[in-house]
file start03.cif (mmCIF, C-alpha atoms and all ligand atoms)
data_query
loop_
_atom_site.label_atom_id
_atom_site.label_comp_id
_atom_site.auth_asym_id
_atom_site.auth_seq_id
_atom_site.Cartn_x
_atom_site.Cartn_y
_atom_site.Cartn_z
CA MET A 13 15.95 75.65 -8.16
CA THR A 14 18.12 74.51 -5.26
CA PHE A 15 16.81 73.82 -1.78
CA THR A 16 18.90 74.30 1.29
CA HIS A 17 18.29 72.20 4.37
CA THR A 18 17.37 74.93 6.77
CA ASN A 19 14.99 72.94 8.96
CA PRO A 20 16.67 70.28 11.07
CA LEU A 21 13.32 69.54 12.75
CA HIS A 22 11.84 67.94 9.60
CA GLY A 23 8.92 70.31 9.53
CA GLN A 24 8.09 69.73 13.20
CA GLY A 25 5.38 72.07 14.43
CA ARG A 26 4.03 73.02 10.99
CA GLU A 27 0.34 72.27 10.29
CA CYS A 28 -1.04 69.90 7.70
CA VAL A 29 -4.29 68.05 6.87
CA ILE A 30 -3.87 64.42 5.82
CA THR A 31 -6.42 62.00 4.38
CA ARG A 32 -6.80 58.26 4.57
CA ARG A 33 -9.15 56.19 2.39
CA ALA A 34 -10.82 52.99 3.57
CA CYS A 35 -13.41 50.80 1.86
CA PHE A 36 -16.12 48.50 3.15
CA SER A 37 -19.17 46.71 1.76
CA SER A 38 -22.39 46.73 3.74
CA SER A 39 -26.10 46.25 3.25
CA HIS A 40 -28.96 48.32 4.64
CA ARG A 41 -32.70 48.76 4.42
CA TYR A 42 -34.82 51.90 4.76
CA TRP A 43 -37.85 50.84 6.73
CA LEU A 44 -39.48 52.33 9.84
CA PRO A 45 -41.62 50.12 12.09
CA GLU A 46 -44.04 52.98 12.96
CA LYS A 47 -45.06 53.30 9.30
CA SER A 48 -47.21 51.02 7.14
CA SER A 49 -45.68 49.02 4.28
CA GLU A 50 -47.33 51.43 1.83
CA ASP A 51 -45.91 54.49 3.62
CA ASN A 52 -42.46 52.92 3.81
CA PHE A 53 -42.57 52.18 0.09
CA SER A 54 -43.82 55.62 -0.84
CA LEU A 55 -41.13 57.27 1.34
CA PHE A 56 -38.15 55.07 0.53
CA GLY A 57 -39.06 53.31 -2.74
CA LYS A 58 -37.01 50.24 -3.57
CA CYS A 59 -34.72 50.94 -0.59
CA SER A 60 -37.59 49.68 1.62
CA ILE A 61 -37.62 46.19 0.06
CA ALA A 62 -36.68 43.35 2.46
CA PRO A 63 -34.16 42.08 3.30
CA GLY A 64 -32.19 45.08 1.96
CA HIS A 65 -29.53 45.86 -0.60
CA GLY A 66 -25.84 46.73 -0.47
CA HIS A 67 -23.18 49.23 -1.45
CA ASN A 68 -19.43 49.33 -1.80
CA TYR A 69 -18.71 52.29 0.47
CA GLU A 70 -15.61 54.43 0.31
CA LEU A 71 -14.68 56.43 3.40
CA ILE A 72 -12.29 59.39 3.23
CA VAL A 73 -10.98 60.48 6.63
CA SER A 74 -9.34 63.92 6.85
CA MET A 75 -7.23 64.71 9.90
CA GLY A 76 -5.31 67.82 10.85
CA GLY A 77 -2.43 68.59 13.13
CA LYS A 78 1.18 69.61 13.52
CA LEU A 79 4.01 67.57 12.09
CA ASP A 80 6.07 65.60 14.59
CA SER A 81 9.85 65.26 14.45
CA ASP A 82 9.42 62.38 11.95
CA GLY A 83 7.70 64.75 9.51
CA MET A 84 4.24 63.23 10.02
CA VAL A 85 0.94 64.49 11.44
CA LEU A 86 0.14 60.94 12.57
CA ASN A 87 1.68 57.56 12.01
CA LEU A 88 -0.37 56.15 9.12
CA SER A 89 -0.28 52.61 10.42
CA ASP A 90 -1.91 53.83 13.68
CA VAL A 91 -4.51 55.69 11.60
CA LYS A 92 -5.20 52.58 9.53
CA HIS A 93 -5.58 50.51 12.68
CA SER A 94 -8.02 53.01 14.28
CA ILE A 95 -10.22 53.17 11.18
CA LYS A 96 -10.27 49.40 10.88
CA SER A 97 -10.96 48.64 14.53
CA LYS A 98 -13.53 51.41 15.03
CA VAL A 99 -15.28 51.40 11.64
CA THR A 100 -14.50 49.22 8.66
CA GLY A 101 -13.71 46.04 10.62
CA GLN A 102 -17.10 46.33 12.31
CA LEU A 103 -19.14 47.29 9.24
CA ASP A 104 -17.59 45.29 6.41
CA PHE A 105 -19.94 42.57 5.09
CA ARG A 106 -22.52 43.46 7.75
CA PHE A 107 -26.15 44.64 7.71
CA LEU A 108 -25.89 48.26 8.92
CA ASN A 109 -29.36 48.31 10.53
CA ASP A 110 -28.25 45.53 12.94
CA VAL A 111 -24.57 46.11 13.52
CA TRP A 112 -24.57 49.37 15.53
CA PRO A 113 -27.21 50.40 18.13
CA GLU A 114 -27.37 53.90 16.54
CA PHE A 115 -29.17 52.25 13.59
CA ASN A 116 -31.55 50.12 15.65
CA ILE A 117 -34.82 51.59 14.40
CA HIS A 118 -36.79 49.58 16.98
CA SER A 119 -35.45 51.95 19.63
CA GLN A 120 -36.75 55.54 19.74
CA GLU A 121 -33.31 57.05 19.14
CA GLY A 122 -32.59 54.77 16.18
CA ILE A 123 -31.83 56.43 12.84
CA LEU A 124 -31.90 54.87 9.36
CA PRO A 125 -28.40 54.19 7.99
CA THR A 126 -28.50 56.66 5.10
CA THR A 127 -25.23 58.00 3.69
CA GLU A 128 -25.51 61.23 5.71
CA ALA A 129 -26.50 59.42 8.95
CA LEU A 130 -23.67 56.93 8.45
CA VAL A 131 -21.04 59.65 8.04
CA LYS A 132 -22.24 61.37 11.22
CA VAL A 133 -22.26 58.15 13.27
CA ILE A 134 -18.78 57.23 12.01
CA TRP A 135 -17.55 60.71 13.04
CA ASN A 136 -18.83 60.14 16.59
CA ARG A 137 -17.06 56.78 16.74
CA LEU A 138 -13.75 58.13 15.41
CA LYS A 139 -13.61 61.61 16.97
CA ASP A 140 -11.89 60.54 20.19
CA GLU A 141 -9.35 58.43 18.29
CA LEU A 142 -8.30 60.77 15.49
CA PRO A 143 -8.02 64.58 15.04
CA LEU A 144 -10.79 64.71 12.42
CA THR A 145 -11.32 67.77 10.24
CA SER A 146 -13.89 66.22 7.87
CA LEU A 147 -15.29 62.89 6.74
CA ARG A 148 -16.67 61.90 3.37
CA ILE A 149 -18.51 58.71 2.47
CA TYR A 150 -19.21 57.64 -1.10
CA GLU A 151 -22.21 55.32 -1.28
CA SER A 152 -21.52 55.13 -5.01
CA PRO A 153 -19.35 57.18 -7.38
CA THR A 154 -22.37 59.46 -7.93
CA LEU A 155 -23.64 59.91 -4.33
CA TRP A 156 -21.64 61.06 -1.32
CA ALA A 157 -22.01 62.83 2.03
CA ASP A 158 -19.63 65.15 3.90
CA TYR A 159 -19.61 65.84 7.63
CA TYR A 160 -17.64 68.40 9.65
CA GLY A 161 -18.71 67.59 13.22
CA LYS A 162 -21.49 70.20 13.26
CA ASN A 163 -24.32 68.44 15.15
CA MET A 164 -26.96 67.28 12.69
CA GLU A 165 -25.65 69.31 9.74
CA ALA A 166 -24.26 67.50 6.73
CA LEU A 167 -23.67 67.95 3.01
CA LEU A 168 -25.01 65.57 0.39
CA THR A 169 -23.81 65.53 -3.23
CA ILE A 170 -25.36 63.94 -6.31
CA GLN A 171 -23.38 63.71 -9.53
CA SER A 172 -25.23 63.79 -12.86
CA HIS A 173 -24.06 64.23 -16.41
CA PHE A 174 -25.21 65.63 -19.71
CA ASN A 175 -23.72 66.24 -23.13
CA ALA A 176 -24.07 69.58 -24.84
CA ALA A 177 -22.54 71.77 -27.53
CA HIS A 178 -21.71 75.44 -27.20
CA ARG A 179 -19.87 78.29 -28.82
CA LEU A 180 -18.05 80.99 -26.89
CA ALA A 181 -18.57 84.31 -28.65
CA LYS A 182 -20.18 87.65 -27.93
CA ASP A 183 -22.62 88.96 -30.57
CA GLU A 184 -21.50 92.55 -30.08
CA ILE A 185 -17.91 91.99 -31.30
CA SER A 186 -16.31 90.64 -34.49
CA LEU A 187 -15.22 87.05 -35.13
CA ASP A 188 -11.57 88.10 -34.96
CA GLU A 189 -12.09 89.80 -31.62
CA ASN A 190 -13.97 86.74 -30.31
CA LYS A 191 -11.14 84.47 -31.43
CA LYS A 192 -8.68 86.65 -29.54
CA ILE A 193 -10.68 86.15 -26.35
CA TYR A 194 -12.03 82.61 -26.68
CA GLY A 195 -9.56 80.98 -29.10
CA LYS A 196 -10.85 77.83 -30.85
CA CYS A 197 -13.99 77.98 -28.67
CA ALA A 198 -15.15 80.91 -30.86
CA ARG A 199 -15.24 78.84 -34.09
CA VAL A 200 -18.60 79.46 -35.72
CA ASN A 201 -20.15 75.98 -35.62
CA GLY A 202 -19.39 75.22 -31.99
CA HIS A 203 -18.07 72.11 -30.23
CA GLY A 204 -19.25 69.78 -27.48
CA HIS A 205 -18.50 68.48 -24.00
CA ASN A 206 -19.48 65.66 -21.67
CA TYR A 207 -20.43 67.68 -18.61
CA PHE A 208 -20.35 66.26 -15.09
CA LEU A 209 -22.53 68.16 -12.64
CA ASP A 210 -22.10 67.84 -8.85
CA VAL A 211 -24.96 69.37 -6.87
CA THR A 212 -24.25 69.68 -3.14
CA VAL A 213 -27.03 70.43 -0.65
CA ARG A 214 -26.65 71.34 3.02
CA GLY A 215 -29.17 70.62 5.70
CA LYS A 216 -30.06 68.98 8.99
CA ILE A 217 -30.16 65.20 9.12
CA ASP A 218 -33.62 64.07 10.23
CA PRO A 219 -33.08 62.15 13.52
CA ARG A 220 -35.35 59.33 12.35
CA THR A 221 -35.20 59.01 8.55
CA GLY A 222 -31.52 59.96 8.51
CA MET A 223 -32.12 62.21 5.52
CA ILE A 224 -31.26 65.84 4.80
CA CYS A 225 -34.07 65.88 2.25
CA ASP A 226 -36.00 63.42 0.12
CA LEU A 227 -33.38 61.99 -2.24
CA PRO A 228 -35.74 60.98 -5.09
CA SER A 229 -37.21 64.53 -5.03
CA LEU A 230 -33.72 66.05 -5.20
CA GLN A 231 -32.78 63.74 -8.07
CA ALA A 232 -36.03 64.64 -9.86
CA ILE A 233 -35.33 68.39 -9.51
CA ILE A 234 -31.86 67.97 -11.05
CA ASP A 235 -33.12 65.66 -13.81
CA ASP A 236 -36.22 67.69 -14.71
CA LEU A 237 -34.72 71.19 -14.51
CA ILE A 238 -31.18 70.60 -15.74
CA VAL A 239 -30.27 67.22 -17.21
CA GLU A 240 -33.38 66.75 -19.35
CA PRO A 241 -33.53 70.29 -20.82
CA PHE A 242 -29.73 70.64 -21.24
CA ASP A 243 -28.80 67.17 -22.52
CA HIS A 244 -28.01 66.87 -26.25
CA THR A 245 -28.60 70.56 -26.94
CA PHE A 246 -26.70 73.41 -28.51
CA LEU A 247 -26.73 75.59 -25.42
CA ASN A 248 -26.48 78.95 -27.28
CA LYS A 249 -29.56 78.15 -29.34
CA ASP A 250 -31.68 75.77 -27.26
CA ILE A 251 -31.43 77.33 -23.80
CA GLU A 252 -33.11 80.73 -23.73
CA TYR A 253 -30.67 82.20 -21.18
CA PHE A 254 -27.64 81.50 -23.38
CA LYS A 255 -29.07 83.28 -26.40
CA THR A 256 -27.76 86.46 -24.75
CA CYS A 257 -25.16 85.20 -22.26
CA VAL A 258 -21.90 83.47 -23.29
CA PRO A 259 -22.15 79.83 -22.11
CA THR A 260 -18.73 79.55 -20.50
CA CYS A 261 -18.35 76.80 -17.92
CA GLU A 262 -18.65 79.52 -15.24
CA ASN A 263 -21.88 80.93 -16.70
CA ILE A 264 -23.45 77.49 -17.12
CA ALA A 265 -22.64 76.63 -13.49
CA LEU A 266 -24.08 79.97 -12.33
CA HIS A 267 -27.25 79.50 -14.37
CA ILE A 268 -27.68 75.97 -12.97
CA ALA A 269 -27.26 77.34 -9.42
CA ASP A 270 -29.86 80.05 -10.11
CA ILE A 271 -32.33 77.46 -11.44
CA LEU A 272 -31.85 74.94 -8.60
CA SER A 273 -31.67 77.20 -5.57
CA SER A 274 -35.35 77.76 -4.88
CA PRO A 275 -36.73 74.28 -5.78
CA ILE A 276 -34.14 72.76 -3.41
CA LYS A 277 -35.24 75.18 -0.68
CA LYS A 278 -38.81 73.90 -1.18
CA ILE A 279 -37.78 70.32 -0.33
CA GLY A 280 -36.16 71.51 2.91
CA ALA A 281 -32.46 71.78 2.00
CA ASN A 282 -30.08 74.54 0.93
CA LEU A 283 -28.16 74.52 -2.31
CA HIS A 284 -24.57 74.74 -1.05
CA LYS A 285 -22.43 74.23 -4.13
CA VAL A 286 -22.62 73.55 -7.85
CA LYS A 287 -19.56 72.10 -9.54
CA LEU A 288 -19.54 71.74 -13.31
CA GLN A 289 -16.72 69.68 -14.80
CA GLU A 290 -16.54 70.60 -18.46
CA SER A 291 -13.55 68.42 -19.36
CA PRO A 292 -10.89 66.55 -17.40
CA ASN A 293 -8.94 69.81 -17.49
CA ASN A 294 -11.43 72.41 -16.37
CA ALA A 295 -14.29 72.90 -13.95
CA ALA A 296 -16.24 75.74 -12.33
CA GLU A 297 -17.52 75.79 -8.75
CA ILE A 298 -20.23 78.08 -7.41
CA TYR A 299 -20.44 78.47 -3.63
CA VAL A 300 -24.07 79.48 -3.42
CA GLU A 301 -24.24 80.24 0.30
CA GLN A 302 -21.12 82.38 0.64
CA SER A 303 -18.93 84.66 -1.40
CA LEU A 304 -15.28 83.73 -1.74
CA PRO A 305 -13.83 84.48 1.68
CA ASN A 306 -11.79 87.68 1.94
CA SER A 307 -9.03 85.71 3.60
CA LEU A 308 -8.74 83.48 0.53
CA GLN A 309 -8.39 86.56 -1.63
CA LYS A 310 -5.79 87.94 0.76
CA ASN A 311 -3.80 84.69 0.73
CA LEU A 312 -3.89 84.66 -3.04
CA THR A 313 -2.57 88.21 -3.22
CA ASN A 314 0.12 87.41 -0.69
CA SER A 315 1.26 84.31 -2.52
CA LEU A 316 1.35 86.18 -5.83
CA VAL A 317 3.43 88.87 -4.22
CA ALA A 318 5.76 86.25 -2.75
CA GLN A 319 6.25 84.64 -6.14
CA ALA A 320 6.94 87.90 -7.96
ZN ZN B 1 -28.86 51.96 -0.34
ZN ZN B 2 -16.19 74.31 -24.77
#

call {"tool": "encode", "arguments": {"input": "start03.cif", "output": "structure tokens", "more": "lines below"}}
Ligand SMILES: [Zn+2]
Ligand SMILES: [Zn+2]
result
Amino acid sequence: MTFTHTNPLHGQGRECVITRRACFSSSHRYWLPEKSSEDNFSLFGKCSIAPGHGHNYELIVSMGGKLDSDGMVLNLSDVKHSIKSKVTGQLDFRFLNDVWPEFNIHSQEGILPTTEALVKVIWNRLKDELPLTSLRIYESPTLWADYYGKNMEALLTIQSHFNAAHRLAKDEISLDENKKIYGKCARVNGHGHNYFLDVTVRGKIDPRTGMICDLPSLQAIIDDLIVEPFDHTFLNKDIEYFKTCVPTCENIALHIADILSSPIKKIGANLHKVKLQESPNNAAEIYVEQSLPNSLQKNLTNSLVAQA
């Protein structure tokens, strides 16, 4: 394919979202002065232990805008400087509860520096500097929060994993027909995967505890209802639902979403998304709160037409 240089403006005026990653290490402690030691421990567990504990945080800043005549949304060295001066330079190797007044829990407006509270506070400190579209903070590779500038609303994701075997075949058709549809996945004795499961909940950050919902309860729901019953099983035989439904990655993700939706509602959050990574090459995502937007479908059709 040959490209002709038809745009002397280097893309000027076209829209793009860019991301910048920045890391910092900080400590924090979940402890509220209005509660007894026992209440603090029962609410926050080991996170309440003095003087605190730390994390290696990873911040992903997404920014949107139109390209300038240099072909950039923003000059990355300016972006880097803003993030460092406003956020990472202030937080790195510091105790979060003390470093910013937003986290001073001895004042009435103080909020505990949870992952979801931290991402919201960072948004407020960066929003006048950078054209933010979203922020994500990883507290660890298996826990992260997303924020889109919508008041107290945030998303929190926990990643879990389990190993399971399955076989893709429908009882009502022959082996040859199954092999035509599912290929090697239809072989009679099955095969296995290391599944990675991302469960994303949406909710309002509590102005005091900084939490969308009780994290240990959320973890317990995922462990008790999914990881424990699914791990080291042959899904088609051991999980009742898959005795009659083909356990494709899509169907497993849907079944997980169906199982988790109402228990998560009971702890005060909404199941937003389930992502099941079956292998490095394939994953399924279920958007529980919305159907795929019509516009997305339209774009897809348009782009297919354009490629034809
Ligand atoms: Zn922590
Ligand atoms: Zn498979």

call {"tool": "residues_around", "arguments": {"input": "start03.cif", "residues": "Ser39 of chain A", "least_positions_apart": "3", "cutoff": "7 Å", "atoms": "all atoms listed in the file", "output": "list in words"}}
result
Gly64, His65, Gly66, His67, Arg106, Phe107 and Leu108 of chain A

call {"tool": "residues_near_ligand", "arguments": {"input": "start03.cif", "ligand": "ligand ZN 1 (chain B)", "cutoff": "12 Å", "atoms": "all atoms listed in the file", "output": "number ranges by chain"}}
result
A: 37-43, 56-69, 107-109, 124-128, 130, 150-152, 155-156, 227

call {"tool": "write_last_selection", "arguments": {"input": "start03.cif", "atoms": "C-alpha atoms", "output": "short mmCIF file (atom, residue, chain, number, x, y, z; two decimals), in the coordinates of the input"}}
result
data_model
loop_
_atom_site.label_atom_id
_atom_site.label_comp_id
_atom_site.auth_asym_id
_atom_site.auth_seq_id
_atom_site.Cartn_x
_atom_site.Cartn_y
_atom_site.Cartn_z
CA SER A 37 -19.17 46.71 1.76
CA SER A 38 -22.39 46.73 3.74
CA SER A 39 -26.10 46.25 3.25
CA HIS A 40 -28.96 48.32 4.64
CA ARG A 41 -32.70 48.76 4.42
CA TYR A 42 -34.82 51.90 4.76
CA TRP A 43 -37.85 50.84 6.73
CA PHE A 56 -38.15 55.07 0.53
CA GLY A 57 -39.06 53.31 -2.74
CA LYS A 58 -37.01 50.24 -3.57
CA CYS A 59 -34.72 50.94 -0.59
CA SER A 60 -37.59 49.68 1.62
CA ILE A 61 -37.62 46.19 0.06
CA ALA A 62 -36.68 43.35 2.46
CA PRO A 63 -34.16 42.08 3.30
CA GLY A 64 -32.19 45.08 1.96
CA HIS A 65 -29.53 45.86 -0.60
CA GLY A 66 -25.84 46.73 -0.47
CA HIS A 67 -23.18 49.23 -1.45
CA ASN A 68 -19.43 49.33 -1.80
CA TYR A 69 -18.71 52.29 0.47
CA PHE A 107 -26.15 44.64 7.71
CA LEU A 108 -25.89 48.26 8.92
CA ASN A 109 -29.36 48.31 10.53
CA LEU A 124 -31.90 54.87 9.36
CA PRO A 125 -28.40 54.19 7.99
CA THR A 126 -28.50 56.66 5.10
CA THR A 127 -25.23 58.00 3.69
CA GLU A 128 -25.51 61.23 5.71
CA LEU A 130 -23.67 56.93 8.45
CA TYR A 150 -19.21 57.64 -1.10
CA GLU A 151 -22.21 55.32 -1.28
CA SER A 152 -21.52 55.13 -5.01
CA LEU A 155 -23.64 59.91 -4.33
CA TRP A 156 -21.64 61.06 -1.32
CA LEU A 227 -33.38 61.99 -2.24
#

call {"tool": "closest_residue", "arguments": {"input": "start03.cif", "among": "A:Val85, A:Leu283, A:Leu180, A:Leu138", "to": "Val213 of chain A", "atoms": "all atoms listed in the file"}}
result
A:Leu283

call {"tool": "closest_residue", "arguments": {"input": "start03.cif", "among": "A:Arg214, A:Lys139, A:His205, A:Lys287", "to": "ligand ZN 2 (chain B)", "atoms": "only C-alpha atoms and all ligand atoms"}}
result
A:His205

call {"tool": "closest_atom_pairs", "arguments": {"input": "start03.cif", "of": "chain A", "to": "ligand ZN 2 (chain B)", "cutoff": "9 Å", "atoms": "all atoms listed in the file", "output": "JSON lines"}}
result
{"residue": "A:Ala177", "atom": "CA", "partner": "B:ZN2", "partner_atom": "ZN", "distance": 7.4}
{"residue": "A:His178", "atom": "CA", "partner": "B:ZN2", "partner_atom": "ZN", "distance": 6.1}
{"residue": "A:Arg179", "atom": "CA", "partner": "B:ZN2", "partner_atom": "ZN", "distance": 6.8}
{"residue": "A:Leu180", "atom": "CA", "partner": "B:ZN2", "partner_atom": "ZN", "distance": 7.3}
{"residue": "A:Lys196", "atom": "CA", "partner": "B:ZN2", "partner_atom": "ZN", "distance": 8.8}
{"residue": "A:Cys197", "atom": "CA", "partner": "B:ZN2", "partner_atom": "ZN", "distance": 5.8}
{"residue": "A:Gly202", "atom": "CA", "partner": "B:ZN2", "partner_atom": "ZN", "distance": 7.9}
{"residue": "A:His203", "atom": "CA", "partner": "B:ZN2", "partner_atom": "ZN", "distance": 6.2}
{"residue": "A:Gly204", "atom": "CA", "partner": "B:ZN2", "partner_atom": "ZN", "distance": 6.1}
{"residue": "A:His205", "atom": "CA", "partner": "B:ZN2", "partner_atom": "ZN", "distance": 6.3}
{"residue": "A:Pro259", "atom": "CA", "partner": "B:ZN2", "partner_atom": "ZN", "distance": 8.5}
{"residue": "A:Thr260", "atom": "CA", "partner": "B:ZN2", "partner_atom": "ZN", "distance": 7.2}
{"residue": "A:Cys261", "atom": "CA", "partner": "B:ZN2", "partner_atom": "ZN", "distance": 7.6}
{"residue": "A:Glu290", "atom": "CA", "partner": "B:ZN2", "partner_atom": "ZN", "distance": 7.3}
{"residue": "A:Ser291", "atom": "CA", "partner": "B:ZN2", "partner_atom": "ZN", "distance": 8.4}

call {"tool": "atom_distance", "arguments": {"input": "start03.cif", "atom1": "atom CA of Ile224 of chain A", "atom2": "atom CA of Ala281 of chain A"}}
result
6.7 Å

call {"tool": "closest_residue", "arguments": {"input": "start03.cif", "among": "A:Thr212, A:Asn190, A:Val73, A:Asn201", "to": "Tyr160 of chain A", "atoms": "all atoms listed in the file"}}
result
A:Val73

call {"tool": "closest_residue", "arguments": {"input": "start03.cif", "among": "A:Lys98, A:His22, A:Lys47, A:Arg148", "to": "Glu70 of chain A", "atoms": "only C-alpha atoms"}}
result
A:Arg148

call {"tool": "closest_atom_pairs", "arguments": {"input": "start03.cif", "of": "segment 211-250 of chain A", "to": "segment 168-174 of chain A", "cutoff": "10 Å", "atoms": "only C-alpha atoms", "output": "JSON lines"}}
result
{"residue": "A:Val211", "atom": "CA", "partner": "A:Thr169", "partner_atom": "CA", "distance": 5.4}
{"residue": "A:Thr212", "atom": "CA", "partner": "A:Thr169", "partner_atom": "CA", "distance": 4.2}
{"residue": "A:Val213", "atom": "CA", "partner": "A:Leu168", "partner_atom": "CA", "distance": 5.4}
{"residue": "A:Arg214", "atom": "CA", "partner": "A:Leu168", "partner_atom": "CA", "distance": 6.5}
{"residue": "A:Gly215", "atom": "CA", "partner": "A:Leu168", "partner_atom": "CA", "distance": 8.4}
{"residue": "A:Met223", "atom": "CA", "partner": "A:Leu168", "partner_atom": "CA", "distance": 9.4}
{"residue": "A:Ile224", "atom": "CA", "partner": "A:Leu168", "partner_atom": "CA", "distance": 7.7}
{"residue": "A:Cys225", "atom": "CA", "partner": "A:Leu168", "partner_atom": "CA", "distance": 9.3}
{"residue": "A:Leu227", "atom": "CA", "partner": "A:Ile170", "partner_atom": "CA", "distance": 9.2}
{"residue": "A:Leu230", "atom": "CA", "partner": "A:Ile170", "partner_atom": "CA", "distance": 8.7}
{"residue": "A:Gln231", "atom": "CA", "partner": "A:Ile170", "partner_atom": "CA", "distance": 7.6}
{"residue": "A:Ile234", "atom": "CA", "partner": "A:Ser172", "partner_atom": "CA", "distance": 8.0}
{"residue": "A:Asp235", "atom": "CA", "partner": "A:Ser172", "partner_atom": "CA", "distance": 8.2}
{"residue": "A:Ile238", "atom": "CA", "partner": "A:Phe174", "partner_atom": "CA", "distance": 8.7}
{"residue": "A:Val239", "atom": "CA", "partner": "A:Phe174", "partner_atom": "CA", "distance": 5.9}
{"residue": "A:Glu240", "atom": "CA", "partner": "A:Phe174", "partner_atom": "CA", "distance": 8.3}
{"residue": "A:Pro241", "atom": "CA", "partner": "A:Phe174", "partner_atom": "CA", "distance": 9.6}
{"residue": "A:Phe242", "atom": "CA", "partner": "A:Phe174", "partner_atom": "CA", "distance": 6.9}
{"residue": "A:Asp243", "atom": "CA", "partner": "A:Phe174", "partner_atom": "CA", "distance": 4.8}
{"residue": "A:His244", "atom": "CA", "partner": "A:Phe174", "partner_atom": "CA", "distance": 7.2}
{"residue": "A:Thr245", "atom": "CA", "partner": "A:Phe174", "partner_atom": "CA", "distance": 9.4}

call {"tool": "atom_distance", "arguments": {"input": "start03.cif", "atom1": "atom CA of Lys78 of chain A", "atom2": "atom CA of Leu144 of chain A"}}
result
13.0 Å

call {"tool": "atom_distance", "arguments": {"input": "start03.cif", "atom1": "atom CA of Ala129 of chain A", "atom2": "atom CA of Ile217 of chain A"}}
result
6.8 Å

call {"tool": "closest_residue", "arguments": {"input": "start03.cif", "among": "A:Gly83, A:Gly101, A:Gly222, A:Gly77", "to": "Val133 of chain A", "atoms": "only C-alpha atoms"}}
result
A:Gly222

call {"tool": "closest_residue", "arguments": {"input": "start03.cif", "among": "A:Arg137, A:His284, A:His118, A:Lys255", "to": "Gln102 of chain A", "atoms": "all atoms listed in the file"}}
result
A:Arg137

call {"tool": "residues_near_point", "arguments": {"input": "start03.cif", "point": "(0.4, 58.0, 12.6)", "cutoff": "12 Å", "atoms": "all atoms listed in the file", "output": "PyMOL selection string"}}
result
chain A and resi 30-32+75-80+82-95+141-143

call {"tool": "write_last_selection", "arguments": {"input": "start03.cif", "atoms": "C-alpha atoms", "output": "PDB file, keeping the file's coordinate frame"}}
result
ATOM      1  CA  ILE A  30      -3.870  64.420   5.820  1.00  0.00           C
ATOM      2  CA  THR A  31      -6.420  62.000   4.380  1.00  0.00           C
ATOM      3  CA  ARG A  32      -6.800  58.260   4.570  1.00  0.00           C
ATOM      4  CA  MET A  75      -7.230  64.710   9.900  1.00  0.00           C
ATOM      5  CA  GLY A  76      -5.310  67.820  10.850  1.00  0.00           C
ATOM      6  CA  GLY A  77      -2.430  68.590  13.130  1.00  0.00           C
ATOM      7  CA  LYS A  78       1.180  69.610  13.520  1.00  0.00           C
ATOM      8  CA  LEU A  79       4.010  67.570  12.090  1.00  0.00           C
ATOM      9  CA  ASP A  80       6.070  65.600  14.590  1.00  0.00           C
ATOM     10  CA  ASP A  82       9.420  62.380  11.950  1.00  0.00           C
ATOM     11  CA  GLY A  83       7.700  64.750   9.510  1.00  0.00           C
ATOM     12  CA  MET A  84       4.240  63.230  10.020  1.00  0.00           C
ATOM     13  CA  VAL A  85       0.940  64.490  11.440  1.00  0.00           C
ATOM     14  CA  LEU A  86       0.140  60.940  12.570  1.00  0.00           C
ATOM     15  CA  ASN A  87       1.680  57.560  12.010  1.00  0.00           C
ATOM     16  CA  LEU A  88      -0.370  56.150   9.120  1.00  0.00           C
ATOM     17  CA  SER A  89      -0.280  52.610  10.420  1.00  0.00           C
ATOM     18  CA  ASP A  90      -1.910  53.830  13.680  1.00  0.00           C
ATOM     19  CA  VAL A  91      -4.510  55.690  11.600  1.00  0.00           C
ATOM     20  CA  LYS A  92      -5.200  52.580   9.530  1.00  0.00           C
ATOM     21  CA  HIS A  93      -5.580  50.510  12.680  1.00  0.00           C
ATOM     22  CA  SER A  94      -8.020  53.010  14.280  1.00  0.00           C
ATOM     23  CA  ILE A  95     -10.220  53.170  11.180  1.00  0.00           C
ATOM     24  CA  GLU A 141      -9.350  58.430  18.290  1.00  0.00           C
ATOM     25  CA  LEU A 142      -8.300  60.770  15.490  1.00  0.00           C
ATOM     26  CA  PRO A 143      -8.020  64.580  15.040  1.00  0.00           C
TER      27      PRO A 143
END
